[in-house]
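S.K.: Have a look at this one.
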Amino acid sequence: METLLPELLRSLVSGLLMGMVFALVALGLTVIFGVMDIVNFAHGEFLMIGMYTTLVTAPLIGVDPTLTLPLAGVVGAALGLACYFGVVQFLLRGPMVAQLLGTFGLMLVLRNLALLFMGSEPRSVHKGWLVGQSWLVGPGVVLESTKLAAAVLSIVSFVAVWWLIRRTKTGMALTATSLDKEGARYVGISTERMNGLAWAIGGASVAIAGGLLVNFWPVDPNVGLLFTMIAFATVALGGFGSIRGAFLAGILIGLIVSLPTVWDAFIRYAGLGDLSIHSFKYTFVYIIYFLIMVIRPQGLFGWKQ
Amino acid sequence: MEAVRNAFDFSDFPRLDLWVAGGVLAFLLAFPALPHSSFAMTIMIQFLMFSLYGMGWNTIGGYAGQVDLGKAQYNGIGAYTTAVMMVRWDVPFWVSMPVGMALAVGWSFIIGYPLFRLKGHYFAIATIATSLILKDVFEVWDFVGAAKGMEIPIRKNLPDFLYLQFKQDYYYYYILLALFLVGLLYLNAFRHSRLGFQLRAIKDNEDVARSLGIDAHWCKIKAYAVATAFVAVVGSFHACYNFNIEPEDVMSLDLSILIAMMALLGGAGSLWGPIIGAAILVPLKSYLGDWLGASAGLVGLNLVIYGGIIMLIAAVQPRGVWGMVEAARARRRGGHGAA
């Protein structure tokens, strides 16, 4: 048991921390979905742009990558606004197909702009306060500072967005818009601006997630799709439109992704090496999405059907 | 026999459509005899393949209005069935193609049953998820070559009509053209069939359709199976045409979405739509890639333009090119009525 237990603990801790980042990635999607019933295929590309923002600007202005997070947030918010007022606004007039296609086109454009300007090779952050630091907590369990910081800042962002939506007047207007568009318009809320705000919040939170992620995850122009799918699964699991649900579901997804590692440790211990399921790491995410949608479409905590 | 009569019944189209269709058909038949570059030949073959994909997608996505973004998995089943049977057991294309089709259709029933309990976005994303699951499985499955894929060995005596191996592309072209015409006639019959009418009723208003006694769930599963059969046949053909298949190539999400795009761009729910869509998108994508791709040192720019065009169409005319034509026709007719 001496080798098994630390390995279990390590993958659980890493799953927990990754889960909080997944939650932050999903937060933007769930806010946008809650307010306006639209699925954004370009969500992972927003994350990719957040990653590049931190990667490029940190050496450029000569500060630590961690300090560029607000900048990533601003870039994400601006991108969200630009996408909403430039494209999505027009897509909403058409049928659902138009939204799927339109945001898919957006995804192609963003991904290939990144390819055009940044090249296709994966890049990662090599120096910074957080990079390379780790602490040994407990037997064999290593806590990487990059992941820990990402998890902590993810919780901070969640609290900030939750506070913005539940405790401020603007946030209440946003909630009103998502509950009843017509009604919100009658009491003088500009639903157009609320939609724009949802995209700004969505863009900012996912870009910040990107800025955190780039400290331990190499970025390339195609990184987005995996995270788009993870975000879809997270949002489906937590319930479309639910903020609390996104957080809990993100952690669950993080644990699910780390399960194959646990299983592999287990079978290595038992001497059954060829039953490894490591390469199915993300397949479980898709399976969870499928099962949740079929069995419980409103998700674990959702209120929208 | 009514189905056969329906397949050849184009009488509900305006005369202009039929003249244009006849002209296009004459061009398609004559194309290999005309002077052309080998690049143009590749594009024509791609055009026919994507027309067939699009026609298949049109049954579920166009007539039934269910946005399916997971068609690549059936392309993969078709392609892998043909490749595996050819490599491992030396089975000819004309045997493995129906087997691949049957396997794909069988799989489509299994996952179609739970899938069609979902609607709208949820359905669309779930189809993506199912396709990615299958791709992940194929990427580690040693029997089908895992991530490396399969390579069909080249036969000794060419041309080989049983195993679909030719030196010259025009053999492939004519076989594909024959499949294309069969597909077109089948869809023309489908349009007039009971299922075709049921699907359009479901698309217009599912609740009303169900109140009239239409089993919407079962109708959608049947249409999904028809679409799957089309895609699987093209998949089998693709395996022979390319010799080399791998999961990333035949089961990617990009392919799934491209298939949907052909039909949507041309005009979903119309007979000509997918063909028009393929005729626009395939050359556009190939030539943009040729002019602006790696050779020009601007990797990505071609796909930026391509994505921009898709975005523009989605925003301006979500009913596609054929939607525009029909809107223009309705306007002209309206103008006559007023005068």
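Chains: A, B, ... in order of the structure tokens. Residues: from 1 per chain. Ligands: from 1, in order shown.
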According to DSSP computed on the backbone, where in range 23-215 of chain B is there helix (DSSP H, G or I)? Give the residues as number ranges by chain.
M.R.: B: 23-33, 38-63, 72-89, 93-115, 120-140, 142-144, 146-148, 169-192, 194-204, 206-211
S.K.: Applying 9 Å and only C-alpha atoms, which residues near range 100-105 of chain B remain after dropping the ones on its own chain fewer than 5 positions away? List them as a list in words.
M.R.: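 Those residues are Gln73, Tyr74, Asn75, Gly76, Ile77, Gly78, Ala79, Tyr80, Thr81, Thr82, Val95, Ile110, Tyr224, Ala225, Val226, Ala227, Thr228, Ala229, Phe230, Val231, Ala232, Val233, Gly235 and Ser236 of chain B.
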S.K.: When you get a sec, could you note down which chain A residues fall within 7 Å of chain B, using only C-alpha atoms, as a count of residues only?
M.R.: 21
S.K.: Using DSSP on the backbone coordinates, identify all residues within range 9-216 of chain A classified as strand (DSSP E); present the result as a list in words.
M.R.: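 Answer for range 9-216 of chain A restricted to strand (DSSP E) is Ser134, Trp135, Leu136, Val142, Leu143 and Glu144 of chain A.
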S.K.: Give me a file of those residues, with N, CA and C atoms, as a PDB file, in the first residue's frame.
M.R.:
```pdb
ATOM      1  N   SER A 134       7.022  23.987  -5.734  1.00  0.00           N
ATOM      2  CA  SER A 134       6.068  23.005  -5.237  1.00  0.00           C
ATOM      3  C   SER A 134       6.408  22.648  -3.800  1.00  0.00           C
ATOM      4  N   TRP A 135       5.417  22.188  -3.086  1.00  0.00           N
ATOM      5  CA  TRP A 135       5.622  21.793  -1.697  1.00  0.00           C
ATOM      6  C   TRP A 135       5.220  20.347  -1.524  1.00  0.00           C
ATOM      7  N   LEU A 136       5.943  19.692  -0.629  1.00  0.00           N
ATOM      8  CA  LEU A 136       5.593  18.324  -0.303  1.00  0.00           C
ATOM      9  C   LEU A 136       4.616  18.366   0.867  1.00  0.00           C
ATOM     10  N   VAL A 142       2.603  16.033  -3.838  1.00  0.00           N
ATOM     11  CA  VAL A 142       3.262  17.291  -4.167  1.00  0.00           C
ATOM     12  C   VAL A 142       2.210  18.294  -4.600  1.00  0.00           C
ATOM     13  N   LEU A 143       2.285  19.482  -4.025  1.00  0.00           N
ATOM     14  CA  LEU A 143       1.343  20.538  -4.370  1.00  0.00           C
ATOM     15  C   LEU A 143       2.086  21.540  -5.235  1.00  0.00           C
ATOM     16  N   GLU A 144       1.679  21.636  -6.513  1.00  0.00           N
ATOM     17  CA  GLU A 144       2.355  22.595  -7.380  1.00  0.00           C
ATOM     18  C   GLU A 144       1.740  23.963  -7.160  1.00  0.00           C
TER      19      GLU A 144
END
```
S.K.: Can you work out the spacing between CA of Leu29 in chain A and CA of Gly202 in chain A in Å, to one decimal?
M.R.: 6.2 Å
S.K.: One decimal, Å: what's the distance from CA of Trp94 in chain B over to CA of Val182 in chain B, could you say?
M.R.: 15.4 Å
S.K.: Interatomic distance between CA of Ser205 in chain A and CA of Cys83 in chain A?
M.R.: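 CA of Ser205 in chain A sits 15.2 Å away from CA of Cys83 in chain A.
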S.K.: Can you pull out the residues contacting Trp162 in chain A? Cut-off 12 Å, using only C-alpha atoms, and skip same-chain residues under 4 positions away; I want them as a list of chain:residue names.
M.R.: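 Neighbouring residues, sequence-local ones excluded: A:Leu24, A:Leu27, A:Gly28, A:Val31, A:Ile155, A:Val156, A:Ser157, A:Phe158, A:Arg166, A:Arg167, A:Thr168, A:Gly171, A:Met172, A:Leu174, A:Thr175, A:Ile201, A:Ser205, A:Ser242, A:Ile243, A:Arg244, A:Gly245, A:Ala246, A:Phe247.
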S.K.: Rank B:Gly269, B:Gly323, B:Pro98, B:Gly196 by their smallest atom-to-atom distance to Lys222 in chain B, using only C-alpha atoms, and report the top residue only.
M.R.: B:Gly196
